[in-house]
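Colleague: Quick one, final18.cif (mmCIF, C-alpha atoms):
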data_start
loop_
_atom_site.label_atom_id
_atom_site.label_comp_id
_atom_site.auth_asym_id
_atom_site.auth_seq_id
_atom_site.Cartn_x
_atom_site.Cartn_y
_atom_site.Cartn_z
CA MET A 1 -41.23 35.30 -24.85
CA ARG A 2 -38.67 34.76 -22.13
CA PHE A 3 -39.45 35.12 -18.46
CA ALA A 4 -37.28 35.35 -15.37
CA VAL A 5 -38.70 33.08 -12.70
CA ARG A 6 -37.88 33.06 -9.01
CA VAL A 7 -39.14 30.27 -6.76
CA GLU A 8 -38.80 30.34 -3.00
CA VAL A 9 -39.27 26.99 -1.28
CA ARG A 10 -39.57 26.84 2.49
CA SER A 11 -40.93 24.57 5.21
CA LEU A 12 -44.65 24.75 5.81
CA GLU A 13 -45.77 26.31 9.07
CA GLY A 14 -45.33 23.72 11.81
CA ILE A 15 -42.71 21.68 9.96
CA ALA A 16 -39.28 21.60 11.62
CA ASP A 17 -36.57 23.80 10.11
CA PRO A 18 -33.37 22.32 11.61
CA GLU A 19 -30.97 24.55 9.66
CA GLY A 20 -32.75 27.67 10.86
CA GLN A 21 -32.78 26.41 14.44
CA THR A 22 -29.09 25.53 14.33
CA ILE A 23 -28.19 28.98 13.02
CA GLU A 24 -30.35 30.62 15.66
CA ARG A 25 -28.58 28.69 18.41
CA ALA A 26 -25.13 29.49 16.98
CA LEU A 27 -25.66 33.26 16.79
CA PRO A 28 -25.26 34.22 20.48
CA ALA A 29 -21.86 32.45 20.62
CA LEU A 30 -20.78 34.64 17.70
CA GLY A 31 -21.92 37.79 19.48
CA PHE A 32 -25.23 38.30 17.67
CA ARG A 33 -28.09 39.07 20.07
CA GLY A 34 -31.71 39.80 19.36
CA VAL A 35 -32.07 37.54 16.33
CA GLU A 36 -35.08 35.27 16.26
CA ALA A 37 -37.38 33.34 13.96
CA VAL A 38 -34.52 32.20 11.71
CA HIS A 39 -35.77 30.21 8.73
CA MET A 40 -33.77 28.78 5.90
CA GLY A 41 -35.24 27.95 2.52
CA LYS A 42 -34.17 27.39 -1.05
CA LEU A 43 -34.30 29.91 -3.81
CA PHE A 44 -34.35 28.89 -7.45
CA ARG A 45 -33.88 31.29 -10.33
CA PHE A 46 -34.27 30.33 -13.96
CA VAL A 47 -35.25 31.57 -17.38
CA LEU A 48 -38.32 30.11 -19.03
CA GLU A 49 -39.50 30.27 -22.64
CA ALA A 50 -43.33 30.56 -22.83
CA ASP A 51 -46.09 32.12 -24.89
CA SER A 52 -47.47 34.29 -22.10
CA GLU A 53 -46.89 35.20 -18.49
CA SER A 54 -49.73 32.95 -17.37
CA ALA A 55 -48.26 30.03 -19.33
CA ALA A 56 -44.87 30.71 -17.75
CA ARG A 57 -46.45 30.75 -14.31
CA ALA A 58 -48.33 27.50 -14.98
CA THR A 59 -45.09 25.80 -16.06
CA ALA A 60 -43.26 27.11 -13.01
CA ASP A 61 -46.05 25.88 -10.72
CA GLN A 62 -45.80 22.42 -12.31
CA MET A 63 -42.04 22.44 -11.89
CA CYS A 64 -42.57 23.22 -8.20
CA SER A 65 -44.96 20.37 -7.57
CA ARG A 66 -42.98 17.84 -9.64
CA LEU A 67 -39.36 18.70 -8.89
CA LEU A 68 -38.49 21.78 -6.87
CA ALA A 69 -40.63 21.39 -3.77
CA ASN A 70 -42.19 18.64 -1.70
CA PRO A 71 -45.77 19.84 -1.21
CA VAL A 72 -46.21 17.60 1.83
CA ILE A 73 -43.73 19.59 3.91
CA GLU A 74 -42.85 22.65 1.82
CA GLN A 75 -44.54 25.67 0.35
CA ALA A 76 -43.40 27.30 -2.88
CA ASP A 77 -43.83 30.93 -3.85
CA VAL A 78 -43.41 31.79 -7.51
CA TRP A 79 -42.53 35.15 -9.07
CA VAL A 80 -42.59 35.58 -12.84
CA GLU A 81 -41.34 38.59 -14.76
CA PRO A 82 -40.88 39.17 -18.49
CA LEU A 83 -37.24 39.41 -19.47
CA GLY A 84 -36.19 42.36 -21.55
CA ALA A 85 -37.21 45.98 -21.13
CA ASP A 86 -36.86 46.15 -17.36
CA ALA A 87 -34.87 43.16 -16.20
CA SER A 88 -35.13 44.07 -12.53
CA ASP A 89 -33.54 41.68 -10.08
CA GLU A 90 -36.61 41.72 -7.84
CA PRO A 91 -39.81 40.66 -9.61
CA ALA A 92 -42.79 42.40 -8.09
CA VAL A 93 -45.55 39.91 -8.82
CA GLY A 94 -45.84 37.33 -6.07
CA ARG A 95 -48.18 34.40 -5.59
CA SER A 96 -48.15 31.29 -3.47
CA ALA A 97 -48.15 27.98 -5.34
CA MET B 1 -37.24 48.33 16.78
CA ARG B 2 -37.74 45.02 15.08
CA PHE B 3 -36.83 44.37 11.47
CA ALA B 4 -37.65 41.58 9.06
CA VAL B 5 -34.50 40.55 7.25
CA ARG B 6 -34.20 38.46 4.13
CA VAL B 7 -30.81 37.22 2.92
CA GLU B 8 -30.27 35.52 -0.42
CA VAL B 9 -27.02 33.60 -0.74
CA ARG B 10 -25.94 32.29 -4.13
CA SER B 11 -22.80 31.21 -5.94
CA LEU B 12 -20.64 33.97 -7.32
CA GLU B 13 -20.53 34.32 -11.09
CA GLY B 14 -18.19 31.66 -12.44
CA ILE B 15 -18.52 29.34 -9.46
CA ALA B 16 -20.13 25.97 -10.20
CA ASP B 17 -23.75 25.50 -9.15
CA PRO B 18 -24.16 21.70 -9.25
CA GLU B 19 -27.72 21.64 -7.87
CA GLY B 20 -28.87 24.07 -10.55
CA GLN B 21 -27.12 22.11 -13.27
CA THR B 22 -28.62 18.83 -12.07
CA ILE B 23 -32.11 20.31 -12.06
CA GLU B 24 -31.59 21.77 -15.52
CA ARG B 25 -30.53 18.36 -16.86
CA ALA B 26 -33.49 16.62 -15.18
CA LEU B 27 -36.16 18.92 -16.60
CA PRO B 28 -36.39 17.62 -20.21
CA ALA B 29 -36.98 14.06 -18.94
CA LEU B 30 -39.94 15.41 -16.95
CA GLY B 31 -41.36 17.11 -20.01
CA PHE B 32 -40.21 20.66 -19.28
CA ARG B 33 -38.63 22.34 -22.30
CA GLY B 34 -37.24 25.81 -22.70
CA VAL B 35 -35.90 26.20 -19.18
CA GLU B 36 -32.36 27.49 -18.86
CA ALA B 37 -29.96 29.24 -16.50
CA VAL B 38 -31.21 27.33 -13.46
CA HIS B 39 -29.53 28.51 -10.26
CA MET B 40 -30.17 27.36 -6.75
CA GLY B 41 -29.35 29.42 -3.70
CA LYS B 42 -30.27 29.71 -0.06
CA LEU B 43 -32.74 32.12 1.40
CA PHE B 44 -32.66 33.08 5.07
CA ARG B 45 -35.41 34.99 6.82
CA PHE B 46 -35.19 36.24 10.37
CA VAL B 47 -36.29 38.94 12.75
CA LEU B 48 -33.68 41.30 14.17
CA GLU B 49 -33.85 43.70 17.08
CA ALA B 50 -31.88 46.90 16.35
CA ASP B 51 -31.91 50.63 17.04
CA SER B 52 -32.25 51.67 13.40
CA GLU B 53 -32.55 50.25 9.91
CA SER B 54 -28.89 50.96 9.21
CA ALA B 55 -27.88 49.15 12.41
CA ALA B 56 -30.06 46.20 11.44
CA ARG B 57 -28.45 46.13 8.00
CA ALA B 58 -24.94 46.29 9.49
CA THR B 59 -25.73 43.37 11.79
CA ALA B 60 -27.21 41.35 8.92
CA ASP B 61 -24.13 42.07 6.77
CA GLN B 62 -21.89 40.83 9.60
CA MET B 63 -24.03 37.70 9.97
CA CYS B 64 -23.57 37.07 6.26
CA SER B 65 -19.81 37.30 6.31
CA ARG B 66 -19.39 35.35 9.57
CA LEU B 67 -22.04 32.63 9.30
CA LEU B 68 -24.55 32.65 6.46
CA ALA B 69 -22.35 32.93 3.40
CA ASN B 70 -18.86 32.01 2.30
CA PRO B 71 -17.60 35.22 0.65
CA VAL B 72 -14.95 33.29 -1.30
CA ILE B 73 -17.54 31.50 -3.41
CA GLU B 74 -20.89 33.10 -2.56
CA GLN B 75 -22.56 36.47 -2.77
CA ALA B 76 -25.17 37.61 -0.29
CA ASP B 77 -27.98 40.08 -0.90
CA VAL B 78 -29.67 41.60 2.13
CA TRP B 79 -33.14 43.14 2.40
CA VAL B 80 -34.22 44.87 5.60
CA GLU B 81 -37.70 46.10 6.41
CA PRO B 82 -39.19 47.47 9.63
CA LEU B 83 -41.70 45.10 11.17
CA GLY B 84 -45.06 46.51 12.08
CA ALA B 85 -47.26 48.88 10.10
CA ASP B 86 -46.81 47.26 6.71
CA ALA B 87 -45.33 43.81 7.22
CA SER B 88 -45.18 43.04 3.52
CA ASP B 89 -43.73 39.70 2.55
CA GLU B 90 -41.50 41.26 -0.07
CA PRO B 91 -39.12 43.87 1.33
CA ALA B 92 -38.44 46.51 -1.29
CA VAL B 93 -34.98 47.72 -0.27
CA GLY B 94 -32.23 45.61 -1.80
CA ARG B 95 -28.48 45.83 -1.55
CA SER B 96 -25.64 43.49 -2.27
CA ALA B 97 -23.40 42.64 0.69
#
For this file, produce the structure as structure tokens.

Modeller:
Amino acid sequence: MRFAVRVEVRSLEGIADPEGQTIERALPALGFRGVEAVHMGKLFRFVLEADSESAARATADQMCSRLLANPVIEQADVWVEPLGADASDEPAVGRSA
Amino acid sequence: MRFAVRVEVRSLEGIADPEGQTIERALPALGFRGVEAVHMGKLFRFVLEADSESAARATADQMCSRLLANPVIEQADVWVEPLGADASDEPAVGRSA
């Protein structure tokens, strides 16, 4: 079976997020007021071949810890959804890796 | 009112995604098979003060076109959700900017 996987990687709480801070500081000069708590992360999307949804999730979790995220400073959230019948763009099943 | 905004920025169809391609090429050497269509994008999260959800969305769309995304090569998807009662991590309302 094929699964659509979405992985969001972002800084752990308490770890600096310089891109987010820079954007937040730039916004008032561009006329945007009332924007706060700006955070920037990475979003990976890919298609995975696996026997089951749990196998797909296990593979995606391994990919996070070995390649996509640095667990010392980043957290990764993984969403897995079977491809096919309802290939929605926004998988509903979320879990933190 | 305060709104939680999530913006996903990714390459337009047909525009090269070198990070995604590099990751896809690295995976077999790490023992991951059957992974394809790897795409990497940016995900912004922030909190916005606005009078209504439509005003919040309009501001977020402007932020996309002026700062967060390059509309020549990137597409931005914006999700807006009121903060408060149900501060779910996964806003349900999606629209392409």

Colleague: Given the file shown, determine the residues that the PyMOL selection byres ((chain B) within 7 of (chain A)) selects; report them as a list in words.

Modeller: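 Selected by the PyMOL selection byres ((chain B) within 7 of (chain A)) here: Gly34, Val35, Glu36, Ala37, Val38, His39, Met40, Gly41, Lys42, Leu43, Phe44, Arg45, Phe46, Val47, Leu48 and Glu49 of chain B.
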
Colleague: Could I have chain B as a PDB file with C-alpha atoms, in the frame of the given file after it is superimposed on chain A by least squares, pairing all C-alpha atoms in sequence order?

Modeller:
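Heads up, here's the output in part_21.pdb:
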ATOM      1  CA  MET B   1     -41.220  35.275 -24.852  1.00  0.00           C
ATOM      2  CA  ARG B   2     -38.682  34.730 -22.139  1.00  0.00           C
ATOM      3  CA  PHE B   3     -39.449  35.113 -18.458  1.00  0.00           C
ATOM      4  CA  ALA B   4     -37.278  35.348 -15.377  1.00  0.00           C
ATOM      5  CA  VAL B   5     -38.689  33.089 -12.700  1.00  0.00           C
ATOM      6  CA  ARG B   6     -37.869  33.061  -9.023  1.00  0.00           C
ATOM      7  CA  VAL B   7     -39.133  30.278  -6.754  1.00  0.00           C
ATOM      8  CA  GLU B   8     -38.804  30.338  -2.982  1.00  0.00           C
ATOM      9  CA  VAL B   9     -39.270  26.988  -1.275  1.00  0.00           C
ATOM     10  CA  ARG B  10     -39.574  26.833   2.501  1.00  0.00           C
ATOM     11  CA  SER B  11     -40.940  24.557   5.195  1.00  0.00           C
ATOM     12  CA  LEU B  12     -44.653  24.738   5.803  1.00  0.00           C
ATOM     13  CA  GLU B  13     -45.767  26.293   9.073  1.00  0.00           C
ATOM     14  CA  GLY B  14     -45.332  23.701  11.805  1.00  0.00           C
ATOM     15  CA  ILE B  15     -42.707  21.674   9.967  1.00  0.00           C
ATOM     16  CA  ALA B  16     -39.275  21.596  11.613  1.00  0.00           C
ATOM     17  CA  ASP B  17     -36.569  23.795  10.107  1.00  0.00           C
ATOM     18  CA  PRO B  18     -33.371  22.318  11.594  1.00  0.00           C
ATOM     19  CA  GLU B  19     -30.954  24.539   9.644  1.00  0.00           C
ATOM     20  CA  GLY B  20     -32.735  27.661  10.863  1.00  0.00           C
ATOM     21  CA  GLN B  21     -32.785  26.405  14.430  1.00  0.00           C
ATOM     22  CA  THR B  22     -29.088  25.526  14.323  1.00  0.00           C
ATOM     23  CA  ILE B  23     -28.200  28.972  13.015  1.00  0.00           C
ATOM     24  CA  GLU B  24     -30.361  30.621  15.658  1.00  0.00           C
ATOM     25  CA  ARG B  25     -28.586  28.665  18.410  1.00  0.00           C
ATOM     26  CA  ALA B  26     -25.142  29.487  16.969  1.00  0.00           C
ATOM     27  CA  LEU B  27     -25.671  33.246  16.795  1.00  0.00           C
ATOM     28  CA  PRO B  28     -25.261  34.207  20.494  1.00  0.00           C
ATOM     29  CA  ALA B  29     -21.864  32.452  20.621  1.00  0.00           C
ATOM     30  CA  LEU B  30     -20.777  34.647  17.697  1.00  0.00           C
ATOM     31  CA  GLY B  31     -21.907  37.776  19.487  1.00  0.00           C
ATOM     32  CA  PHE B  32     -25.213  38.306  17.685  1.00  0.00           C
ATOM     33  CA  ARG B  33     -28.077  39.060  20.066  1.00  0.00           C
ATOM     34  CA  GLY B  34     -31.693  39.804  19.358  1.00  0.00           C
ATOM     35  CA  VAL B  35     -32.060  37.569  16.324  1.00  0.00           C
ATOM     36  CA  GLU B  36     -35.080  35.294  16.265  1.00  0.00           C
ATOM     37  CA  ALA B  37     -37.372  33.338  13.961  1.00  0.00           C
ATOM     38  CA  VAL B  38     -34.517  32.207  11.720  1.00  0.00           C
ATOM     39  CA  HIS B  39     -35.769  30.212   8.735  1.00  0.00           C
ATOM     40  CA  MET B  40     -33.770  28.786   5.902  1.00  0.00           C
ATOM     41  CA  GLY B  41     -35.238  27.949   2.531  1.00  0.00           C
ATOM     42  CA  LYS B  42     -34.177  27.389  -1.039  1.00  0.00           C
ATOM     43  CA  LEU B  43     -34.318  29.919  -3.799  1.00  0.00           C
ATOM     44  CA  PHE B  44     -34.362  28.887  -7.450  1.00  0.00           C
ATOM     45  CA  ARG B  45     -33.887  31.282 -10.334  1.00  0.00           C
ATOM     46  CA  PHE B  46     -34.265  30.327 -13.961  1.00  0.00           C
ATOM     47  CA  VAL B  47     -35.247  31.565 -17.377  1.00  0.00           C
ATOM     48  CA  LEU B  48     -38.334  30.107 -19.033  1.00  0.00           C
ATOM     49  CA  GLU B  49     -39.516  30.264 -22.615  1.00  0.00           C
ATOM     50  CA  ALA B  50     -43.329  30.552 -22.801  1.00  0.00           C
ATOM     51  CA  ASP B  51     -46.093  32.109 -24.882  1.00  0.00           C
ATOM     52  CA  SER B  52     -47.457  34.300 -22.091  1.00  0.00           C
ATOM     53  CA  GLU B  53     -46.887  35.211 -18.468  1.00  0.00           C
ATOM     54  CA  SER B  54     -49.732  32.960 -17.360  1.00  0.00           C
ATOM     55  CA  ALA B  55     -48.247  30.044 -19.317  1.00  0.00           C
ATOM     56  CA  ALA B  56     -44.857  30.705 -17.747  1.00  0.00           C
ATOM     57  CA  ARG B  57     -46.454  30.753 -14.300  1.00  0.00           C
ATOM     58  CA  ALA B  58     -48.330  27.499 -14.974  1.00  0.00           C
ATOM     59  CA  THR B  59     -45.105  25.808 -16.062  1.00  0.00           C
ATOM     60  CA  ALA B  60     -43.245  27.112 -13.005  1.00  0.00           C
ATOM     61  CA  ASP B  61     -46.057  25.886 -10.720  1.00  0.00           C
ATOM     62  CA  GLN B  62     -45.815  22.427 -12.313  1.00  0.00           C
ATOM     63  CA  MET B  63     -42.032  22.446 -11.867  1.00  0.00           C
ATOM     64  CA  CYS B  64     -42.571  23.229  -8.197  1.00  0.00           C
ATOM     65  CA  SER B  65     -44.945  20.375  -7.555  1.00  0.00           C
ATOM     66  CA  ARG B  66     -42.992  17.830  -9.633  1.00  0.00           C
ATOM     67  CA  LEU B  67     -39.363  18.697  -8.877  1.00  0.00           C
ATOM     68  CA  LEU B  68     -38.492  21.782  -6.855  1.00  0.00           C
ATOM     69  CA  ALA B  69     -40.630  21.389  -3.764  1.00  0.00           C
ATOM     70  CA  ASN B  70     -42.181  18.639  -1.697  1.00  0.00           C
ATOM     71  CA  PRO B  71     -45.775  19.848  -1.208  1.00  0.00           C
ATOM     72  CA  VAL B  72     -46.216  17.600   1.842  1.00  0.00           C
ATOM     73  CA  ILE B  73     -43.730  19.588   3.899  1.00  0.00           C
ATOM     74  CA  GLU B  74     -42.845  22.654   1.820  1.00  0.00           C
ATOM     75  CA  GLN B  75     -44.551  25.674   0.349  1.00  0.00           C
ATOM     76  CA  ALA B  76     -43.404  27.302  -2.860  1.00  0.00           C
ATOM     77  CA  ASP B  77     -43.819  30.935  -3.857  1.00  0.00           C
ATOM     78  CA  VAL B  78     -43.396  31.811  -7.518  1.00  0.00           C
ATOM     79  CA  TRP B  79     -42.514  35.169  -9.077  1.00  0.00           C
ATOM     80  CA  VAL B  80     -42.578  35.602 -12.847  1.00  0.00           C
ATOM     81  CA  GLU B  81     -41.336  38.607 -14.772  1.00  0.00           C
ATOM     82  CA  PRO B  82     -40.874  39.179 -18.504  1.00  0.00           C
ATOM     83  CA  LEU B  83     -37.229  39.398 -19.480  1.00  0.00           C
ATOM     84  CA  GLY B  84     -36.177  42.357 -21.540  1.00  0.00           C
ATOM     85  CA  ALA B  85     -37.153  46.000 -21.142  1.00  0.00           C
ATOM     86  CA  ASP B  86     -36.844  46.188 -17.375  1.00  0.00           C
ATOM     87  CA  ALA B  87     -34.903  43.161 -16.182  1.00  0.00           C
ATOM     88  CA  SER B  88     -35.148  44.116 -12.530  1.00  0.00           C
ATOM     89  CA  ASP B  89     -33.580  41.744 -10.058  1.00  0.00           C
ATOM     90  CA  GLU B  90     -36.649  41.774  -7.854  1.00  0.00           C
ATOM     91  CA  PRO B  91     -39.801  40.625  -9.637  1.00  0.00           C
ATOM     92  CA  ALA B  92     -42.808  42.391  -8.175  1.00  0.00           C
ATOM     93  CA  VAL B  93     -45.574  39.867  -8.848  1.00  0.00           C
ATOM     94  CA  GLY B  94     -45.847  37.290  -6.084  1.00  0.00           C
ATOM     95  CA  ARG B  95     -48.166  34.361  -5.619  1.00  0.00           C
ATOM     96  CA  SER B  96     -48.144  31.285  -3.474  1.00  0.00           C
ATOM     97  CA  ALA B  97     -48.182  27.964  -5.336  1.00  0.00           C
TER      98      ALA B  97
END

Colleague: So what do you get for CA of Val78 (chain A) versus CA of Asp61 (chain A), distance-wise?

Modeller: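 Separation of CA of Val78 (chain A) and CA of Asp61 (chain A): 7.2 Å.
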
Colleague: Quick one, how far is CA of Trp79 (chain A) from CA of Ser65 (chain A)?

Modeller: 15.1 Å

Colleague: CA of Met1 (chain A) and CA of Ala58 (chain A), how far apart in Å?

Modeller: 14.4 Å

Colleague: Starting from the shown file, work through the PyMOL selection byres ((chain A and resi 75) around 10) and note down what comes out as a VMD selection string.

Modeller: chain A and resid 8 to 13 41 64 to 65 69 to 74 76 to 77 96 to 97

Colleague: As JSON, please: the centre and edge lengths in Å, to one decimal, of an axis-aligned box enclosing every listed atom of region 70-80 of chain B with 4 Å added on each side.

Modeller:
{"center_x": -24.6, "center_y": 38.2, "center_z": 1.1, "size_x": 27.3, "size_y": 21.4, "size_z": 17.0}

Colleague: Would it be fine to have region 2-25 of chain A, with N, CA, C and O atoms, given as an mmCIF file, in the first residue's frame?

Modeller:
data_model
loop_
_atom_site.group_PDB
_atom_site.id
_atom_site.type_symbol
_atom_site.label_atom_id
_atom_site.label_comp_id
_atom_site.auth_asym_id
_atom_site.auth_seq_id
_atom_site.Cartn_x
_atom_site.Cartn_y
_atom_site.Cartn_z
ATOM 1 N N ARG A 2 0.294 2.315 -0.554
ATOM 2 C CA ARG A 2 1.043 3.584 -0.591
ATOM 3 C C ARG A 2 0.407 4.588 0.365
ATOM 4 O O ARG A 2 -0.809 4.660 0.468
ATOM 5 N N PHE A 3 1.271 5.313 1.036
ATOM 6 C CA PHE A 3 0.802 6.268 2.036
ATOM 7 C C PHE A 3 1.395 7.650 1.764
ATOM 8 O O PHE A 3 2.570 7.767 1.404
ATOM 9 N N ALA A 4 0.563 8.659 1.953
ATOM 10 C CA ALA A 4 1.059 10.045 1.903
ATOM 11 C C ALA A 4 1.488 10.416 3.306
ATOM 12 O O ALA A 4 0.734 10.258 4.264
ATOM 13 N N VAL A 5 2.721 10.870 3.430
ATOM 14 C CA VAL A 5 3.260 11.221 4.741
ATOM 15 C C VAL A 5 3.601 12.704 4.749
ATOM 16 O O VAL A 5 4.099 13.251 3.768
ATOM 17 N N ARG A 6 3.298 13.329 5.879
ATOM 18 C CA ARG A 6 3.615 14.736 6.082
ATOM 19 C C ARG A 6 4.371 14.828 7.391
ATOM 20 O O ARG A 6 3.937 14.266 8.395
ATOM 21 N N VAL A 7 5.505 15.459 7.389
ATOM 22 C CA VAL A 7 6.330 15.588 8.595
ATOM 23 C C VAL A 7 6.604 17.069 8.838
ATOM 24 O O VAL A 7 7.129 17.755 7.965
ATOM 25 N N GLU A 8 6.213 17.531 10.008
ATOM 26 C CA GLU A 8 6.527 18.915 10.374
ATOM 27 C C GLU A 8 7.651 18.892 11.396
ATOM 28 O O GLU A 8 7.560 18.240 12.433
ATOM 29 N N VAL A 9 8.727 19.602 11.093
ATOM 30 C CA VAL A 9 9.883 19.684 11.987
ATOM 31 C C VAL A 9 10.003 21.115 12.473
ATOM 32 O O VAL A 9 10.031 22.044 11.665
ATOM 33 N N ARG A 10 10.040 21.289 13.780
ATOM 34 C CA ARG A 10 10.207 22.647 14.315
ATOM 35 C C ARG A 10 11.057 22.619 15.577
ATOM 36 O O ARG A 10 11.222 21.576 16.193
ATOM 37 N N SER A 11 11.567 23.790 15.947
ATOM 38 C CA SER A 11 12.422 23.893 17.130
ATOM 39 C C SER A 11 11.659 23.449 18.366
ATOM 40 O O SER A 11 10.478 23.759 18.526
ATOM 41 N N LEU A 12 12.347 22.748 19.242
ATOM 42 C CA LEU A 12 11.770 22.424 20.539
ATOM 43 C C LEU A 12 11.515 23.700 21.325
ATOM 44 O O LEU A 12 12.174 24.717 21.107
ATOM 45 N N GLU A 13 10.543 23.625 22.212
ATOM 46 C CA GLU A 13 10.261 24.738 23.125
ATOM 47 C C GLU A 13 11.574 25.161 23.810
ATOM 48 O O GLU A 13 12.302 24.318 24.311
ATOM 49 N N GLY A 14 11.854 26.450 23.799
ATOM 50 C CA GLY A 14 13.045 26.933 24.484
ATOM 51 C C GLY A 14 14.274 27.033 23.599
ATOM 52 O O GLY A 14 15.275 27.616 24.003
ATOM 53 N N ILE A 15 14.193 26.450 22.403
ATOM 54 C CA ILE A 15 15.312 26.548 21.457
ATOM 55 C C ILE A 15 15.068 27.761 20.563
ATOM 56 O O ILE A 15 13.943 27.990 20.113
ATOM 57 N N ALA A 16 16.119 28.536 20.310
ATOM 58 C CA ALA A 16 15.969 29.757 19.517
ATOM 59 C C ALA A 16 15.446 29.448 18.116
ATOM 60 O O ALA A 16 15.767 28.410 17.527
ATOM 61 N N ASP A 17 14.622 30.357 17.607
ATOM 62 C CA ASP A 17 14.078 30.230 16.251
ATOM 63 C C ASP A 17 14.393 31.550 15.534
ATOM 64 O O ASP A 17 13.550 32.429 15.402
ATOM 65 N N PRO A 18 15.648 31.708 15.073
ATOM 66 C CA PRO A 18 16.077 33.014 14.537
ATOM 67 C C PRO A 18 15.278 33.462 13.317
ATOM 68 O O PRO A 18 15.008 34.651 13.172
ATOM 69 N N GLU A 19 14.887 32.530 12.447
ATOM 70 C CA GLU A 19 14.094 32.955 11.279
ATOM 71 C C GLU A 19 12.776 33.568 11.738
ATOM 72 O O GLU A 19 12.367 34.630 11.259
ATOM 73 N N GLY A 20 12.110 32.876 12.669
ATOM 74 C CA GLY A 20 10.835 33.394 13.159
ATOM 75 C C GLY A 20 11.003 34.764 13.799
ATOM 76 O O GLY A 20 10.202 35.677 13.565
ATOM 77 N N GLN A 21 12.052 34.916 14.584
ATOM 78 C CA GLN A 21 12.284 36.202 15.258
ATOM 79 C C GLN A 21 12.567 37.315 14.251
ATOM 80 O O GLN A 21 12.096 38.445 14.401
ATOM 81 N N THR A 22 13.338 36.982 13.216
ATOM 82 C CA THR A 22 13.658 37.985 12.195
ATOM 83 C C THR A 22 12.395 38.426 11.467
ATOM 84 O O THR A 22 12.177 39.622 11.222
ATOM 85 N N ILE A 23 11.550 37.461 11.119
ATOM 86 C CA ILE A 23 10.298 37.804 10.439
ATOM 87 C C ILE A 23 9.436 38.674 11.344
ATOM 88 O O ILE A 23 8.876 39.682 10.911
ATOM 89 N N GLU A 24 9.358 38.293 12.617
ATOM 90 C CA GLU A 24 8.527 39.059 13.545
ATOM 91 C C GLU A 24 9.008 40.508 13.647
ATOM 92 O O GLU A 24 8.204 41.435 13.707
ATOM 93 N N ARG A 25 10.319 40.690 13.657
ATOM 94 C CA ARG A 25 10.851 42.052 13.744
ATOM 95 C C ARG A 25 10.629 42.831 12.449
ATOM 96 O O ARG A 25 10.516 44.053 12.462
#
